[in-house]
Amino acid sequence: MSPLETPCGTPRSFLVPVILPLFAAALTGCGDGSKGGTGPDGSEVASVVLTSSDSGLAIVDDTTRLVATLRDASGATVTGHTVTWASSDPEVATVDDEGVVTGHAPGTVKITATSEGRQGSVQLETVYRFRQVRVRLEQACALTPRGAAYCWGNNDAGKLGDGTTTNRSRPTAVAGDLTFTDLTIGYYHACGLTAAGKAYCWGYNEFGQVGDGSTTDRHVPTPVAGSLVFTQLAAGGSHTCGIAEGGDAYCWGSNDYGQLGDSSTRFRVAPTAVYGDSRFAQLHAGGFYTCGIADSGLAHCWGLNLWGNLGDGTMTDRLIPTAVAGGITFASITSGHRHTCALTPNGGAHCWGENGSGQLGTGDYTSSKVPVAVSGGLAFTTLSAGPGVQTCGVAESGETYCWGDGSSGELGNDMENFGANVPTAIAGDLLTTQVSMGFTSACVLTSDRAAYCWGYNARGEVGDGSTTKRIAPTLVAGQQ
């Protein structure tokens with residue numbers, strides 16, 4: 001059957017209003033050979049035209065409105081006739097009595113409208129679109145427009161949240177019916193924040209990083225203990241932190257190096273207040289340390305400082321928030337494993353810590369225990385320091401740049417065994433709004449909400465349905 005063929009059906013009904021078509025997707029008529037029924041105005045339906053404003057696409061976990069326009073034999077619009085709607089595959093998409101289509105899974109579906117024995121149909125491609133993408137250690141997660149979470153890649157300890165420990169090479173729904181406003185990924189666990197400020201975490205939990213008061217691994221989203229209302233979460237190596245309403249910071253999980261900031265080295269299985277009276281606007285948890293931007297715009301870091309990654313001019317571990325040297329005002333901060341980067345309010349990028357692979361982007365390989373400017377003078381809107389030895393950023397132009405080690409294609413510039421100590425553009429002509437750097441992979445989100453990933457891909461972390469190495473941005477499965 002071709003996309004324009006229209007089998008007859010008899011599902012639900014309503015009275016269609018007079019609406020002129022926006023986009024003529026497909027039309028045809030069928031019946032038992034008799035004339036169409038007569039409406040209140042004495043008109044007969046000769047054809048049904050379906051229109052869509054989304055160019056033949058339906059979005060998973062989102063809606064699109066179809067309009068059925070009824071015409072008589074002369075082509076004039078007629079009114080007052082009952083219209084019924086049907087979907088050829090409700091597992092892919094459903095349609096309600098008003099022609100509102102809800103996408104459920106990637107695929108092709110035919111939506112049919114019937115009136116007085118005449119039918120019109122449109123074939124829709126149901127695809128993923130995302131509003132956020134996050135990457136860390138061989139796994140990635142993304143949020144749909146309405147906040148449903150999907151993850152792919154390495155699923156050790158259940159860190160994909162789908163109730164299993166099976167690796168996934170394409171987006172897989174996180175278990176449960178929760179919707180989130182924000183996701184954060186640690187090395188072997190992940191967390192999501194609901195619109196009500198409730199934190200949920202899942203995955204590896206040996207040190208209490210899930211925050212539910214236990215050390216039991218969780219394969220599905222599990223509420224963090226307590227009644228705190230959070231505005232932001234940050235998952236690190238084996239610990240998690242969050243900002244509560246009012247700006248107070250709390251952390252939980254592993255604390256061997258003081259990464260919880262509570263002036264001790266004891267691990268915590270539930271949120272514990274960070275020492276001091278600083279109020280934070282943003283936090284980011286690294287491998288074994290944490291950094292934050294205080295309300296003043298000054299950066300503070302705490303935890304392991306083996307590579308000068310705390311930025312205080314020393315290599316001394318810190319058990320409480322310690323000011324980054326230089327007194328620079330920052331708008332955001334990103335913590336890797338051995339290095340840290342931050343953006344000033346005007347988009348200036350600074351990095352500090354270990355630089356053996358050029359991940360500081362300074363044009364050399366000299367490590368620094370204090371912030372140093374990234375070369376090139378680009379203004380960035382976002383930065384991501386990976387848990388490996390790479391950094392990426394989205395420039396104000398929408399172009400993504402990466403630097404550091406690219407031996408497995410991590411820099412996304414269509415080259416292997418390549419390294420860069422200055423920002424280097426990724427391959428392609430993508431206009432991006434987000435970038436997230438993982439251990440050996442990275443993902444971007446484009447301005448039309450499509451996710452592209454690249455990298456080593458041994459665990460399916462690129463999300464394209466394979467485990468083949470990708471050295472240039474590759475569209476995540478289930479999109480167009």
# chains A, B, ... in the order shown; residues from 1 in each chain; ligands from 1
>>> residues_around(residues="A:Ser169", least_positions_apart="3", cutoff="7 Å", atoms="only C-alpha atoms", output="PyMOL selection string")
chain A and resi 152-153+460-461+463-467
>>> atom_distance(atom1="atom CA of A:Met437", atom2="atom CA of A:Gly258")
24.6 Å
>>> atom_distance(atom1="atom CA of A:Val45", atom2="atom CA of A:Gly120")
11.5 Å
>>> residues_around(residues="stretch 316-319 of chain A", least_positions_apart="3", cutoff="7 Å", atoms="only C-alpha atoms", output="JSON, numbers by chain")
{"A": [257, 258, 259, 261, 262, 263, 264, 302, 303, 304, 305, 322]}
>>> residues_around(residues="A:Thr272", least_positions_apart="2", cutoff="7 Å", atoms="only C-alpha atoms", output="VMD selection string")
chain A and resid 250 to 252 270 274
>>> residues_around(residues="A:Cys402", least_positions_apart="3", cutoff="10 Å", atoms="only C-alpha atoms", output="list in words")
Gln359, Gly361, Leu383, Ser384, Ala385, Gln390, Thr391, Cys392, Gly393, Val394, Asp405, Gly406, Glu410, Leu411, Gly412, Asn413, Gly419, Ala420, Asn421, Val422, Pro423, Thr424, Ala425, Ile426, Val435, Met437 and Ala442 of chain A
>>> atom_distance(atom1="atom CA of A:Val60", atom2="atom CA of A:Ile111")
15.4 Å
>>> residues_around(residues="stretch 163-168 of chain A", least_positions_apart="2", cutoff="8 Å", atoms="only C-alpha atoms", output="list in words")
Cys151, Trp152, Gly153, Asn154, Asn155, Asp156, Ala157, Gly158, Lys159, Leu160, Gly161, Arg170, Pro171, Thr172, Val174, Ala175, His219, Val220, Arg459, Gly460, Glu461 and Gly463 of chain A
>>> write_last_selection(atoms="all heavy atoms", output="compact mmCIF listing (two decimals), in the first residue's frame")
# COMPACT_ATOMS: atom_id res chain seq x y z
N CYS A 151 18.29 6.96 27.83
CA CYS A 151 19.73 6.79 27.99
C CYS A 151 20.23 5.69 27.07
O CYS A 151 19.47 4.84 26.60
CB CYS A 151 20.07 6.44 29.44
SG CYS A 151 19.67 7.73 30.65
N TRP A 152 21.55 5.71 26.82
CA TRP A 152 22.16 4.67 25.99
C TRP A 152 23.64 4.55 26.35
O TRP A 152 24.24 5.43 26.96
CB TRP A 152 21.98 4.98 24.50
CG TRP A 152 22.51 6.30 24.01
CD1 TRP A 152 23.73 6.55 23.47
CD2 TRP A 152 21.81 7.57 23.99
NE1 TRP A 152 23.85 7.88 23.11
CE2 TRP A 152 22.70 8.51 23.41
CE3 TRP A 152 20.54 7.97 24.41
CZ2 TRP A 152 22.34 9.85 23.24
CZ3 TRP A 152 20.20 9.30 24.24
CH2 TRP A 152 21.08 10.22 23.66
N GLY A 153 24.24 3.40 25.96
CA GLY A 153 25.65 3.15 26.23
C GLY A 153 25.86 2.10 27.31
O GLY A 153 25.08 1.15 27.45
N ASN A 154 26.92 2.28 28.07
CA ASN A 154 27.30 1.36 29.15
C ASN A 154 26.24 1.35 30.24
O ASN A 154 25.84 2.40 30.74
CB ASN A 154 28.65 1.84 29.72
CG ASN A 154 29.22 0.90 30.75
OD1 ASN A 154 28.51 0.12 31.37
ND2 ASN A 154 30.53 0.99 30.96
N ASN A 155 25.81 0.15 30.64
CA ASN A 155 24.76 0.02 31.64
C ASN A 155 25.23 -0.74 32.87
O ASN A 155 24.43 -1.37 33.57
CB ASN A 155 23.52 -0.66 31.04
CG ASN A 155 22.25 -0.39 31.83
OD1 ASN A 155 22.21 0.50 32.67
ND2 ASN A 155 21.22 -1.18 31.58
N ASP A 156 26.53 -0.69 33.16
CA ASP A 156 27.04 -1.31 34.38
C ASP A 156 26.30 -0.74 35.59
O ASP A 156 26.07 0.47 35.69
CB ASP A 156 28.54 -1.04 34.54
CG ASP A 156 29.39 -1.81 33.55
OD1 ASP A 156 28.84 -2.70 32.86
OD2 ASP A 156 30.60 -1.53 33.46
N ALA A 157 25.92 -1.62 36.50
CA ALA A 157 25.24 -1.25 37.74
C ALA A 157 23.89 -0.58 37.51
O ALA A 157 23.35 0.06 38.41
CB ALA A 157 26.13 -0.35 38.61
N GLY A 158 23.36 -0.71 36.30
CA GLY A 158 22.04 -0.14 36.02
C GLY A 158 22.02 1.35 35.84
O GLY A 158 20.97 1.99 36.02
N LYS A 159 23.14 1.93 35.40
CA LYS A 159 23.21 3.39 35.37
C LYS A 159 22.41 4.03 34.23
O LYS A 159 22.26 5.24 34.19
CB LYS A 159 24.66 3.85 35.30
CG LYS A 159 25.43 3.43 34.06
CD LYS A 159 26.86 3.96 34.15
CE LYS A 159 27.70 3.53 32.97
NZ LYS A 159 29.05 4.13 33.03
N LEU A 160 21.85 3.20 33.33
CA LEU A 160 20.94 3.75 32.32
C LEU A 160 19.52 3.88 32.84
O LEU A 160 18.67 4.50 32.19
CB LEU A 160 20.95 2.90 31.05
CG LEU A 160 22.29 2.75 30.33
CD1 LEU A 160 22.10 2.03 29.00
CD2 LEU A 160 22.99 4.09 30.12
N GLY A 161 19.24 3.25 33.99
CA GLY A 161 17.95 3.44 34.64
C GLY A 161 16.77 2.73 34.00
O GLY A 161 15.62 3.07 34.30
N ARG A 170 21.11 2.37 21.42
CA ARG A 170 20.17 3.38 20.93
C ARG A 170 19.36 3.87 22.12
O ARG A 170 19.31 3.21 23.16
CB ARG A 170 19.28 2.82 19.83
CG ARG A 170 18.42 1.65 20.24
CD ARG A 170 17.58 1.14 19.05
NE ARG A 170 18.40 0.63 17.97
CZ ARG A 170 18.36 1.11 16.72
NH1 ARG A 170 17.54 2.11 16.42
NH2 ARG A 170 19.13 0.60 15.79
N PRO A 171 18.73 5.04 22.03
CA PRO A 171 18.00 5.58 23.17
C PRO A 171 16.98 4.59 23.72
O PRO A 171 16.20 4.00 22.99
CB PRO A 171 17.31 6.82 22.58
CG PRO A 171 18.22 7.25 21.48
CD PRO A 171 18.72 5.97 20.87
N THR A 172 17.02 4.43 25.05
CA THR A 172 16.14 3.51 25.76
C THR A 172 15.50 4.27 26.92
O THR A 172 16.19 4.96 27.67
CB THR A 172 16.94 2.31 26.28
OG1 THR A 172 17.57 1.64 25.17
CG2 THR A 172 16.05 1.32 27.01
N VAL A 174 14.16 5.52 30.30
CA VAL A 174 14.39 5.30 31.72
C VAL A 174 13.07 4.83 32.34
O VAL A 174 11.99 5.33 31.99
CB VAL A 174 14.88 6.60 32.39
CG1 VAL A 174 14.92 6.48 33.91
CG2 VAL A 174 16.26 6.97 31.84
N ALA A 175 13.15 3.86 33.23
CA ALA A 175 11.95 3.24 33.80
C ALA A 175 11.12 4.24 34.60
O ALA A 175 11.65 5.20 35.18
CB ALA A 175 12.33 2.06 34.68
N HIS A 219 18.58 0.18 39.92
CA HIS A 219 18.49 0.09 38.47
C HIS A 219 17.39 0.95 37.88
O HIS A 219 17.22 0.98 36.66
CB HIS A 219 18.30 -1.37 38.04
CG HIS A 219 19.43 -2.26 38.42
ND1 HIS A 219 19.39 -3.64 38.26
CD2 HIS A 219 20.65 -1.98 38.94
CE1 HIS A 219 20.53 -4.17 38.67
NE2 HIS A 219 21.31 -3.17 39.09
N VAL A 220 16.64 1.61 38.73
CA VAL A 220 15.58 2.53 38.30
C VAL A 220 15.65 3.79 39.15
O VAL A 220 16.25 3.78 40.24
CB VAL A 220 14.18 1.88 38.43
CG1 VAL A 220 14.06 0.65 37.54
CG2 VAL A 220 13.87 1.54 39.87
N ARG A 459 30.67 0.61 23.84
CA ARG A 459 29.48 0.23 24.61
C ARG A 459 28.19 0.82 24.03
O ARG A 459 27.17 0.83 24.69
CB ARG A 459 29.65 0.71 26.06
CG ARG A 459 30.90 0.20 26.77
CD ARG A 459 30.86 -1.29 26.99
NE ARG A 459 31.96 -1.74 27.82
CZ ARG A 459 31.91 -1.88 29.13
NH1 ARG A 459 30.78 -1.61 29.78
NH2 ARG A 459 32.95 -2.31 29.81
N GLY A 460 28.27 1.34 22.81
CA GLY A 460 27.07 1.92 22.20
C GLY A 460 26.81 3.34 22.62
O GLY A 460 25.70 3.86 22.40
N GLU A 461 27.82 4.03 23.17
CA GLU A 461 27.60 5.37 23.72
C GLU A 461 27.32 6.44 22.66
O GLU A 461 26.85 7.54 22.99
CB GLU A 461 28.78 5.80 24.58
CG GLU A 461 30.12 5.82 23.88
CD GLU A 461 30.92 4.52 24.05
OE1 GLU A 461 30.29 3.44 24.12
OE2 GLU A 461 32.16 4.60 24.08
N GLY A 463 25.09 5.93 20.36
CA GLY A 463 23.64 5.85 20.27
C GLY A 463 23.07 5.68 18.88
O GLY A 463 21.88 5.91 18.67
